[in-house]
file data-v1.pdb (PDB, C-alpha atoms)
MODEL        1
ATOM      1  CA  GLN A   9       0.000   0.000   0.000
ATOM      2  CA  GLN A  10       2.904   2.330   0.633
ATOM      3  CA  GLN A  11       5.033   1.377  -2.368
ATOM      4  CA  VAL A  12       6.073   3.546  -5.252
ATOM      5  CA  LYS A  13       7.345   1.575  -8.238
ATOM      6  CA  GLN A  14       9.767   3.211 -10.666
ATOM      7  CA  SER A  15      11.033   2.196 -14.095
ATOM      8  CA  PRO A  16      13.346   1.798 -15.861
ATOM      9  CA  GLN A  17      16.185   1.017 -13.468
ATOM     10  CA  SER A  18      18.674   2.517 -15.906
ATOM     11  CA  LEU A  19      18.378   4.635 -19.032
ATOM     12  CA  ILE A  20      20.871   5.684 -21.688
ATOM     13  CA  VAL A  21      19.973   8.617 -23.926
ATOM     14  CA  GLN A  22      21.850  10.561 -26.565
ATOM     15  CA  LYS A  23      22.481  14.262 -26.063
ATOM     16  CA  GLY A  24      19.457  16.225 -27.239
ATOM     17  CA  GLY A  25      17.085  13.296 -26.782
ATOM     18  CA  ILE A  26      14.105  12.897 -24.472
ATOM     19  CA  SER A  27      14.475  10.960 -21.221
ATOM     20  CA  ILE A  28      11.299   9.428 -19.809
ATOM     21  CA  ILE A  29      11.014   7.862 -16.354
ATOM     22  CA  ASN A  30       7.796   6.331 -15.064
ATOM     23  CA  CYS A  31       6.349   5.773 -11.605
ATOM     24  CA  ALA A  32       3.237   4.101 -10.236
ATOM     25  CA  TYR A  33       1.766   4.319  -6.766
ATOM     26  CA  GLU A  34      -0.888   2.464  -4.797
ATOM     27  CA  ASN A  35      -1.863   4.657  -1.875
ATOM     28  CA  THR A  36      -4.724   6.970  -2.873
ATOM     29  CA  ALA A  37      -3.966   9.142   0.159
ATOM     30  CA  PHE A  38      -0.840  10.430  -1.573
ATOM     31  CA  ASP A  39      -1.357  14.035  -2.647
ATOM     32  CA  TYR A  40       2.102  15.311  -3.508
ATOM     33  CA  PHE A  41       4.481  13.825  -6.084
ATOM     34  CA  PRO A  42       8.028  15.226  -6.322
ATOM     35  CA  TRP A  43      10.998  14.194  -8.413
ATOM     36  CA  TYR A  44      14.517  14.358  -7.023
ATOM     37  CA  GLN A  45      17.882  14.346  -8.772
ATOM     38  CA  GLN A  46      20.866  12.876  -6.965
ATOM     39  CA  PHE A  47      24.544  12.961  -7.895
ATOM     40  CA  PRO A  48      27.009  10.487  -6.318
ATOM     41  CA  GLY A  49      27.877  11.416  -2.738
ATOM     42  CA  LYS A  50      25.269  14.183  -2.591
ATOM     43  CA  GLY A  51      21.831  14.529  -1.076
ATOM     44  CA  PRO A  52      18.735  14.425  -3.307
ATOM     45  CA  ALA A  53      17.833  17.780  -4.865
ATOM     46  CA  LEU A  54      14.196  18.673  -5.532
ATOM     47  CA  LEU A  55      13.616  19.066  -9.277
ATOM     48  CA  ILE A  56       9.905  19.487  -9.801
ATOM     49  CA  ALA A  57       6.698  18.398  -8.070
ATOM     50  CA  ILE A  58       3.004  18.055  -8.867
ATOM     51  CA  ARG A  59      -0.286  17.691  -7.031
ATOM     52  CA  PRO A  60      -3.102  15.480  -8.378
ATOM     53  CA  ASP A  61      -5.378  18.374  -9.319
ATOM     54  CA  VAL A  62      -3.332  19.027 -12.472
ATOM     55  CA  SER A  63      -2.326  16.614 -15.242
ATOM     56  CA  GLU A  64       0.922  18.268 -16.296
ATOM     57  CA  LYS A  65       3.519  20.660 -14.935
ATOM     58  CA  LYS A  66       6.466  22.067 -16.855
ATOM     59  CA  GLU A  67       9.569  23.816 -15.529
ATOM     60  CA  GLY A  68      12.205  24.500 -18.140
ATOM     61  CA  ARG A  69      13.279  21.209 -19.729
ATOM     62  CA  PHE A  70      11.502  19.128 -17.069
ATOM     63  CA  THR A  71       7.846  18.075 -17.331
ATOM     64  CA  ILE A  72       5.743  15.901 -15.028
ATOM     65  CA  SER A  73       2.741  14.124 -16.521
ATOM     66  CA  PHE A  74       0.186  12.854 -14.008
ATOM     67  CA  ASN A  75      -2.603  10.304 -14.548
ATOM     68  CA  LYS A  76      -4.729  10.156 -11.415
ATOM     69  CA  SER A  77      -7.054   7.379 -12.594
ATOM     70  CA  ALA A  78      -4.121   5.127 -13.496
ATOM     71  CA  LYS A  79      -2.151   6.191 -10.397
ATOM     72  CA  GLN A  80       0.878   6.864 -12.562
ATOM     73  CA  PHE A  81       3.184   9.805 -13.135
ATOM     74  CA  SER A  82       6.239  10.363 -15.260
ATOM     75  CA  LEU A  83       9.183  12.701 -15.678
ATOM     76  CA  HIS A  84      10.177  13.902 -19.127
ATOM     77  CA  ILE A  85      13.548  15.573 -19.632
ATOM     78  CA  MET A  86      13.641  17.378 -22.966
ATOM     79  CA  ASP A  87      16.891  18.117 -24.811
ATOM     80  CA  SER A  88      18.809  15.877 -22.400
ATOM     81  CA  GLN A  89      22.372  17.001 -21.640
ATOM     82  CA  PRO A  90      25.423  15.121 -20.310
ATOM     83  CA  GLY A  91      25.115  17.207 -17.128
ATOM     84  CA  ASP A  92      21.721  15.569 -16.538
ATOM     85  CA  SER A  93      23.474  12.239 -15.952
ATOM     86  CA  ALA A  94      22.439  11.346 -12.401
ATOM     87  CA  THR A  95      20.053   9.135 -10.463
ATOM     88  CA  TYR A  96      16.439  10.256 -10.470
ATOM     89  CA  PHE A  97      13.927   9.323  -7.799
ATOM     90  CA  CYS A  98      10.190   9.745  -7.866
ATOM     91  CA  ALA A  99       8.460  10.042  -4.515
ATOM     92  CA  ALA A 100       5.020  10.478  -3.032
ATOM     93  CA  SER A 101       3.630  11.775   0.214
ATOM     94  CA  GLY A 102       0.347  12.517   1.904
ATOM     95  CA  GLU A 103      -0.510  15.049   4.586
ATOM     96  CA  THR A 104      -2.325  12.330   6.534
ATOM     97  CA  SER A 105       1.020  10.569   7.053
ATOM     98  CA  GLY A 106       2.938  13.677   8.029
ATOM     99  CA  SER A 107       4.144  14.280   4.493
ATOM    100  CA  ARG A 108       6.864  11.686   4.874
ATOM    101  CA  LEU A 109       8.201  10.735   1.462
ATOM    102  CA  THR A 110       7.973   7.238  -0.003
ATOM    103  CA  PHE A 111      10.596   6.913  -2.734
ATOM    104  CA  GLY A 112      10.837   4.801  -5.852
ATOM    105  CA  GLU A 113      13.852   2.604  -6.466
ATOM    106  CA  GLY A 114      15.632   5.161  -8.654
ATOM    107  CA  THR A 115      16.651   5.439 -12.308
ATOM    108  CA  GLN A 116      20.269   5.886 -13.275
ATOM    109  CA  LEU A 117      20.296   8.191 -16.305
ATOM    110  CA  THR A 118      23.299   8.426 -18.591
ATOM    111  CA  VAL A 119      23.287  11.039 -21.349
ATOM    112  CA  ASN A 120      25.954  10.356 -23.944
ATOM    113  CA  PRO A 121      27.621  13.329 -25.663
TER
ATOM    114  CA  ASP B  15      24.303  29.303   2.706
ATOM    115  CA  THR B  16      20.757  28.812   3.990
ATOM    116  CA  GLY B  17      20.328  25.154   3.020
ATOM    117  CA  VAL B  18      20.158  22.082   5.242
ATOM    118  CA  SER B  19      23.526  21.187   6.744
ATOM    119  CA  GLN B  20      24.669  17.891   8.229
ATOM    120  CA  ASN B  21      27.719  16.988  10.262
ATOM    121  CA  PRO B  22      29.894  15.059  10.051
ATOM    122  CA  ARG B  23      29.867  14.305   6.329
ATOM    123  CA  HIS B  24      31.655  11.010   6.841
ATOM    124  CA  LYS B  25      31.979   8.775   9.876
ATOM    125  CA  ILE B  26      33.926   5.529  10.175
ATOM    126  CA  THR B  27      33.364   3.594  13.364
ATOM    127  CA  LYS B  28      33.967   0.151  14.745
ATOM    128  CA  ARG B  29      31.139  -2.238  15.405
ATOM    129  CA  GLY B  30      29.689  -1.726  18.861
ATOM    130  CA  GLN B  31      30.570   1.968  19.122
ATOM    131  CA  ASN B  32      28.000   4.747  19.465
ATOM    132  CA  VAL B  33      27.724   7.515  16.859
ATOM    133  CA  THR B  34      25.796  10.785  16.752
ATOM    134  CA  PHE B  35      24.913  12.854  13.708
ATOM    135  CA  ARG B  36      23.677  16.428  13.623
ATOM    136  CA  CYS B  37      21.282  18.155  11.232
ATOM    137  CA  ASP B  38      20.674  21.899  11.011
ATOM    138  CA  PRO B  39      17.502  22.593   9.023
ATOM    139  CA  ILE B  40      16.539  25.657   7.026
ATOM    140  CA  SER B  41      15.794  28.172   9.752
ATOM    141  CA  GLU B  42      12.075  28.791   9.252
ATOM    142  CA  HIS B  43      11.192  25.135   8.589
ATOM    143  CA  ASN B  44       9.130  23.524  11.337
ATOM    144  CA  ARG B  45       9.349  19.932  10.074
ATOM    145  CA  LEU B  46      12.511  17.854  10.095
ATOM    146  CA  TYR B  47      12.869  14.355   8.669
ATOM    147  CA  TRP B  48      15.527  11.646   8.877
ATOM    148  CA  TYR B  49      15.963   9.092   6.098
ATOM    149  CA  ARG B  50      18.446   6.292   5.490
ATOM    150  CA  GLN B  51      19.764   5.430   2.042
ATOM    151  CA  THR B  52      21.734   2.316   1.165
ATOM    152  CA  LEU B  53      23.692   1.928  -2.050
ATOM    153  CA  GLY B  54      21.491   1.723  -5.123
ATOM    154  CA  GLN B  55      18.255   2.302  -3.220
ATOM    155  CA  GLY B  56      15.934   5.210  -2.632
ATOM    156  CA  PRO B  57      15.906   6.913   0.763
ATOM    157  CA  GLU B  58      13.788   5.226   3.443
ATOM    158  CA  PHE B  59      11.932   7.193   6.089
ATOM    159  CA  LEU B  60      13.159   6.853   9.673
ATOM    160  CA  THR B  61      11.443   9.533  11.750
ATOM    161  CA  TYR B  62      10.170  13.086  11.705
ATOM    162  CA  PHE B  63       9.636  16.051  13.992
ATOM    163  CA  GLN B  64       7.190  18.900  13.906
ATOM    164  CA  ASN B  65       8.911  21.585  15.929
ATOM    165  CA  GLU B  66      10.298  19.678  18.941
ATOM    166  CA  ALA B  67       7.724  16.859  18.893
ATOM    167  CA  GLN B  68       8.737  13.525  17.374
ATOM    168  CA  LEU B  69       5.527  12.497  15.625
ATOM    169  CA  GLU B  70       6.362   9.262  13.831
ATOM    170  CA  LYS B  71       9.014   6.557  13.880
ATOM    171  CA  SER B  72       9.513   3.903  11.233
ATOM    172  CA  ARG B  73       9.785   0.237  12.150
ATOM    173  CA  LEU B  74      13.302   0.555  10.676
ATOM    174  CA  LEU B  75      14.214   2.598  13.744
ATOM    175  CA  SER B  76      15.218  -0.088  16.227
ATOM    176  CA  ASP B  77      15.678   0.656  19.920
ATOM    177  CA  ARG B  78      19.369   1.315  19.189
ATOM    178  CA  PHE B  79      18.351   4.486  17.343
ATOM    179  CA  SER B  80      17.225   7.671  19.028
ATOM    180  CA  ALA B  81      16.536  11.115  17.640
ATOM    181  CA  GLU B  82      15.988  14.442  19.321
ATOM    182  CA  ARG B  83      15.148  17.964  18.269
ATOM    183  CA  PRO B  84      15.498  20.156  21.337
ATOM    184  CA  LYS B  85      13.828  23.553  21.058
ATOM    185  CA  GLY B  86      12.621  22.708  17.559
ATOM    186  CA  SER B  87      15.878  23.755  15.912
ATOM    187  CA  PHE B  88      18.718  21.336  15.086
ATOM    188  CA  SER B  89      18.287  17.586  15.428
ATOM    189  CA  THR B  90      20.558  14.737  16.416
ATOM    190  CA  LEU B  91      20.361  11.082  15.446
ATOM    191  CA  GLU B  92      22.229   8.659  17.692
ATOM    192  CA  ILE B  93      22.952   5.020  16.934
ATOM    193  CA  GLN B  94      24.074   2.915  19.865
ATOM    194  CA  ARG B  95      26.070  -0.327  19.576
ATOM    195  CA  THR B  96      26.518   0.082  15.818
ATOM    196  CA  GLU B  97      26.274  -2.956  13.556
ATOM    197  CA  GLN B  98      27.677  -3.460  10.065
ATOM    198  CA  GLY B  99      24.132  -3.295   8.711
ATOM    199  CA  ASP B 100      23.922   0.304   9.902
ATOM    200  CA  SER B 101      26.391   1.326   7.184
ATOM    201  CA  ALA B 102      24.464   3.746   4.979
ATOM    202  CA  MET B 103      23.960   7.385   4.088
ATOM    203  CA  TYR B 104      21.853   9.170   6.691
ATOM    204  CA  LEU B 105      19.912  12.044   5.179
ATOM    205  CA  CYS B 106      18.128  14.894   6.871
ATOM    206  CA  ALA B 107      15.431  16.994   5.210
ATOM    207  CA  SER B 108      13.405  19.955   6.363
ATOM    208  CA  SER B 109      10.168  21.496   5.183
ATOM    209  CA  LEU B 110       7.616  24.183   5.888
ATOM    210  CA  MET B 111       4.913  22.534   3.802
ATOM    211  CA  ALA B 112       5.086  19.505   1.501
ATOM    212  CA  GLN B 113       8.375  20.392  -0.244
ATOM    213  CA  GLN B 114      11.289  18.726   1.507
ATOM    214  CA  TYR B 115      14.855  19.963   1.060
ATOM    215  CA  PHE B 116      17.648  17.537   1.777
ATOM    216  CA  GLY B 117      21.052  18.037   3.277
ATOM    217  CA  PRO B 118      24.230  16.475   1.885
ATOM    218  CA  GLY B 119      23.970  13.455   4.182
ATOM    219  CA  THR B 120      26.314  11.697   6.594
ATOM    220  CA  ARG B 121      27.999   8.596   5.207
ATOM    221  CA  LEU B 122      28.418   6.019   7.994
ATOM    222  CA  THR B 123      30.768   3.088   7.590
ATOM    223  CA  VAL B 124      30.804   0.462  10.344
ATOM    224  CA  THR B 125      33.872  -1.779  10.256
TER
ENDMDL
END
call {"tool": "encode", "arguments": {"input": "data-v1.pdb", "output": "structure tokens"}}
result
Amino acid sequence: QQQVKQSPQSLIVQKGGISIINCAYENTAFDYFPWYQQFPGKGPALLIAIRPDVSEKKEGRFTISFNKSAKQFSLHIMDSQPGDSATYFCAASGETSGSRLTFGEGTQLTVNP
Amino acid sequence: DTGVSQNPRHKITKRGQNVTFRCDPISEHNRLYWYRQTLGQGPEFLTYFQNEAQLEKSRLLSDRFSAERPKGSFSTLEIQRTEQGDSAMYLCASSLMAQQYFGPGTRLTVT
């Protein structure tokens, strides 16, 4: 009930391409869905987040698509750059559980020059 | 720098020793969270505070773990009688609302 499933585990994209990472959740009490970017040896950095009252949110090259009925959301990185190479985590939280984050397993993105 | 800070950044200890980590949140944030991250996995929730009150503890937090947040400011996480399985990155995050901002983490290695 608390799980967030993320795919793919790893992704290789050419520079300028689109990177797409998918997540699915089970707990309908979740009401906040952030994406984090993490570089080796660093803490996760908040990239972009969405609430279930909207189906899409765009910030620069990053877009979240949200499908409430399917309980799925995805991150799209447009014009992917080598500097985007990192591990990406989706997460979900609900105010009823103190907004503690439940994370997906992570996707290791490599953008080749 | 007004971000979340954690100290120490790295800690190597021998099995059976006690260790304590410190987290300084963003100053106006009333919520503070501790997570643990092992290699290749996403962070896992350990516990959280709203101001000085510890409101929830994960089942991952055995009785060897204790956390405090005196006066609702910085927080400490102590692990007593460390075991090799405690080796991980310990992450602290703070928030005012839903958005959580993470610190750089403390990497613990138990030998």
call {"tool": "closest_residue", "arguments": {"input": "data-v1.pdb", "among": "B:Arg29, B:Arg73, B:Lys85, B:Arg23", "to": "chain A", "atoms": "all atoms listed in the file"}}
result
B:Arg23
call {"tool": "atom_distance", "arguments": {"input": "data-v1.pdb", "atom1": "CA of Gly106 (chain A)", "atom2": "CA of Gln113 (chain B)"}}
result
12.0 Å
call {"tool": "interface_residues", "arguments": {"input": "data-v1.pdb", "of": "chain B", "to": "chain A", "cutoff": "6 Å", "atoms": "all atoms listed in the file", "output": "CSV table (one decimal) with C-alpha atoms, in the coordinates of the input"}}
result
chain,number,residue,atom,x,y,z
B,55,GLN,CA,18.3,2.3,-3.2
B,56,GLY,CA,15.9,5.2,-2.6
B,116,PHE,CA,17.6,17.5,1.8
B,117,GLY,CA,21.1,18.0,3.3
B,118,PRO,CA,24.2,16.5,1.9
B,119,GLY,CA,24.0,13.5,4.2
call {"tool": "residues_around", "arguments": {"input": "data-v1.pdb", "residues": "Thr96 (chain B)", "least_positions_apart": "4", "cutoff": "9 Å", "atoms": "all atoms listed in the file", "output": "short mmCIF file (atom, residue, chain, number, x, y, z; two decimals) with C-alpha atoms, in the coordinates of the input"}}
result
data_model
loop_
_atom_site.label_atom_id
_atom_site.label_comp_id
_atom_site.auth_asym_id
_atom_site.auth_seq_id
_atom_site.Cartn_x
_atom_site.Cartn_y
_atom_site.Cartn_z
CA THR B 27 33.36 3.59 13.36
CA LYS B 28 33.97 0.15 14.74
CA ARG B 29 31.14 -2.24 15.40
CA GLY B 30 29.69 -1.73 18.86
CA GLN B 31 30.57 1.97 19.12
CA ASN B 32 28.00 4.75 19.46
CA VAL B 33 27.72 7.52 16.86
CA ARG B 78 19.37 1.32 19.19
CA ASP B 100 23.92 0.30 9.90
CA SER B 101 26.39 1.33 7.18
CA VAL B 124 30.80 0.46 10.34
#
call {"tool": "closest_residue", "arguments": {"input": "data-v1.pdb", "among": "B:Thr90, B:Arg50, B:Glu97, B:Ser109", "to": "Gln64 (chain B)", "atoms": "only C-alpha atoms"}}
result
B:Ser109
call {"tool": "residues_around", "arguments": {"input": "data-v1.pdb", "residues": "Arg36 (chain B)", "least_positions_apart": "3", "cutoff": "7 Å", "atoms": "only C-alpha atoms", "output": "ChimeraX atom specification"}}
result
/B:20-21,89-91
